[in-house]
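Structure first, commentary second.
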Amino acid sequence: FDGKGKEALSMEIKLLTTEQLPEAAGLARGVFDYCLRNSINNPKMVQAFEQYSHQDYLKHMMEENYLVMWGAYEQGTIVGMSAMQTEGHITMLYVHPMYQRRGIGKKLLEEMRKYAKSAYNLSIVTVNAMPVWTENYFAKRKFSRMNVMPNNDFVSMQAAAIDEVTYEKKPLSTGVVLSVVFGSLFFCILAVVIGLVQLIG
């Protein structure tokens with residue numbers, strides 16, 4: 001699908017390697033500058049982001065197995081990225097402005113919550129929603145406030161880690177089964193009748 005509120009059909013989410021790090025870090029810094037920088041009042045928080053999102057720092061954390069990163073790709077181009085530390089703390093979630101409101105951020109969050117459960121056997125993941133107005137975004141995606149000291153720069157939130165999504169097989173009702181059986185039987189009889197007509201004709 002293409003458009004607001006619709007999910008891109010060709011979107012692919014995958015774990016990133018250090019070779020893919022430059023484009024992911026570039027996307028994060030670009031989205032931060034375009035969407036968030038002007039709404040963050042504390043210069044120290046901006047400085048902290050710039051230091052954290054530096055390629056060399058991210059690469060070091062990935063090589064030390066302390067950070068895992070994901071990329072969302074649309075037709076081979078990275079349009080979203082996220083990162084989570086091994087204790088289950090989400091540190092990055094950025095989606096290109098042209099691809100926002102398509103469920104990409106939600107998918108990245110789900111991937112991280114599943115990974116936290118499967119790879120680290122964690123029961124929760126955490127995030128610091130910054131700026132504070134992003135709390136609403138995370139709240140809509142099943143994150144809730146943590147019972148910690150309030151902070152003026154961000155909101156500490158958590159969500160349950162989740163298992164891989166599986167769909168339960170539901171038994172067919174008797175009516176559906178009978179409809180399928182009689183429908184198949186009808187078409188078999190019809191095929192026989194048509195075959196006989198063709199032979200006679």
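Chain labels run A, B, ... following the order of the structure tokens; each chain numbers its residues from 1, and ligands are numbered from 1 in the order shown.
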Q) If you run DSSP on the backbone, which residues of range 12-165 of chain A are helix (DSSP H, G or I), as a ChimeraX atom specification? A) /A:18-39,43-52,55-63,97-99,104-120,132-139
Q: Give me the residues within 9 Å of range 22-34 of chain A as a VMD selection string, counting only C-alpha atoms and dropping any in the same chain fewer than 4 places off.
A: chain A and resid 16 18 38 49 to 50 53 to 55 58 69 to 71 78 to 82 92 to 97
Q. Which residues, written as a VMD selection string, have at least one atom at most 12 Å from Ile13 in chain A, with only C-alpha atoms counted and residues fewer than 2 positions away on the same chain left out?
A. chain A and resid 8 to 11 15 to 16 69 to 82 103 to 112
Selection near Thr91 in chain A, 8 Å with only C-alpha atoms, sequence-local residues under 6 positions removed, as a short mmCIF file (atom, residue, chain, number, x, y, z; two decimals) with N, CA, C and O atoms, in the first residue's frame:
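Contents of part_38.cif, freshly written:
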```
data_model
loop_
_atom_site.label_atom_id
_atom_site.label_comp_id
_atom_site.auth_asym_id
_atom_site.auth_seq_id
_atom_site.Cartn_x
_atom_site.Cartn_y
_atom_site.Cartn_z
N SER A 82 16.51 1.32 13.65
CA SER A 82 16.33 1.29 15.10
C SER A 82 17.52 0.58 15.72
O SER A 82 18.28 -0.12 15.04
N ALA A 83 17.67 0.79 17.03
CA ALA A 83 18.78 0.15 17.75
C ALA A 83 18.35 -0.17 19.17
O ALA A 83 17.57 0.56 19.78
N MET A 84 18.86 -1.29 19.68
CA MET A 84 18.54 -1.71 21.04
C MET A 84 19.79 -2.30 21.70
O MET A 84 20.52 -3.08 21.09
N GLN A 85 20.02 -1.91 22.94
CA GLN A 85 21.14 -2.46 23.69
C GLN A 85 20.74 -3.83 24.24
O GLN A 85 19.55 -4.15 24.34
N VAL A 127 12.48 2.34 26.86
CA VAL A 127 12.85 3.42 25.94
C VAL A 127 12.70 4.74 26.68
O VAL A 127 11.84 4.87 27.56
N ASN A 128 13.54 5.70 26.35
CA ASN A 128 13.37 7.07 26.84
C ASN A 128 12.78 7.89 25.70
O ASN A 128 13.48 8.18 24.73
#
```
Listing only residues of range 16-106 of chain A within 9 Å of range 146-165 of chain A, what is the closest atom pair and its distance in Å (to one decimal) for each, using only C-alpha atoms, sorted by chain and residue number ascending, as JSON lines?
```
{"residue": "A:Ile40", "atom": "CA", "partner": "A:Asp153", "partner_atom": "CA", "distance": 7.7}
{"residue": "A:Asn41", "atom": "CA", "partner": "A:Asp153", "partner_atom": "CA", "distance": 8.1}
{"residue": "A:Asn42", "atom": "CA", "partner": "A:Asp153", "partner_atom": "CA", "distance": 7.2}
{"residue": "A:Met45", "atom": "CA", "partner": "A:Asp153", "partner_atom": "CA", "distance": 7.6}
{"residue": "A:Gly88", "atom": "CA", "partner": "A:Ala161", "partner_atom": "CA", "distance": 8.8}
{"residue": "A:His89", "atom": "CA", "partner": "A:Gln158", "partner_atom": "CA", "distance": 8.9}
```
(Q) Run DSSP on the backbone and tell me which residues of range 24-169 of chain A come out as strand (DSSP E); list them as a VMD selection string. (A) chain A and resid 67 to 74 77 to 85 89 to 95 124 to 129 144 to 145 155 to 160
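With distances restricted to only C-alpha atoms, A:Lys142 is the closest residue to Arg113 in chain A from A:Tyr137, A:Lys142, A:Val46, A:Val132.
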Q. How many Å lie between CA of Met130 in chain A and CA of Ala116 in chain A, rounded to one decimal?
A.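 Between CA of Met130 in chain A and CA of Ala116 in chain A the gap is 21.4 Å.
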Q. Pick the closest to Tyr115 in chain A from A:Cys35, A:Val68, A:Ala129, A:Ala139: which is it, counting only C-alpha atoms?
A.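 Closest candidate: A:Val68.
Interatomic distance, CA of Phe138 in chain A against CA of Ile124 in chain A: 14.2 Å.
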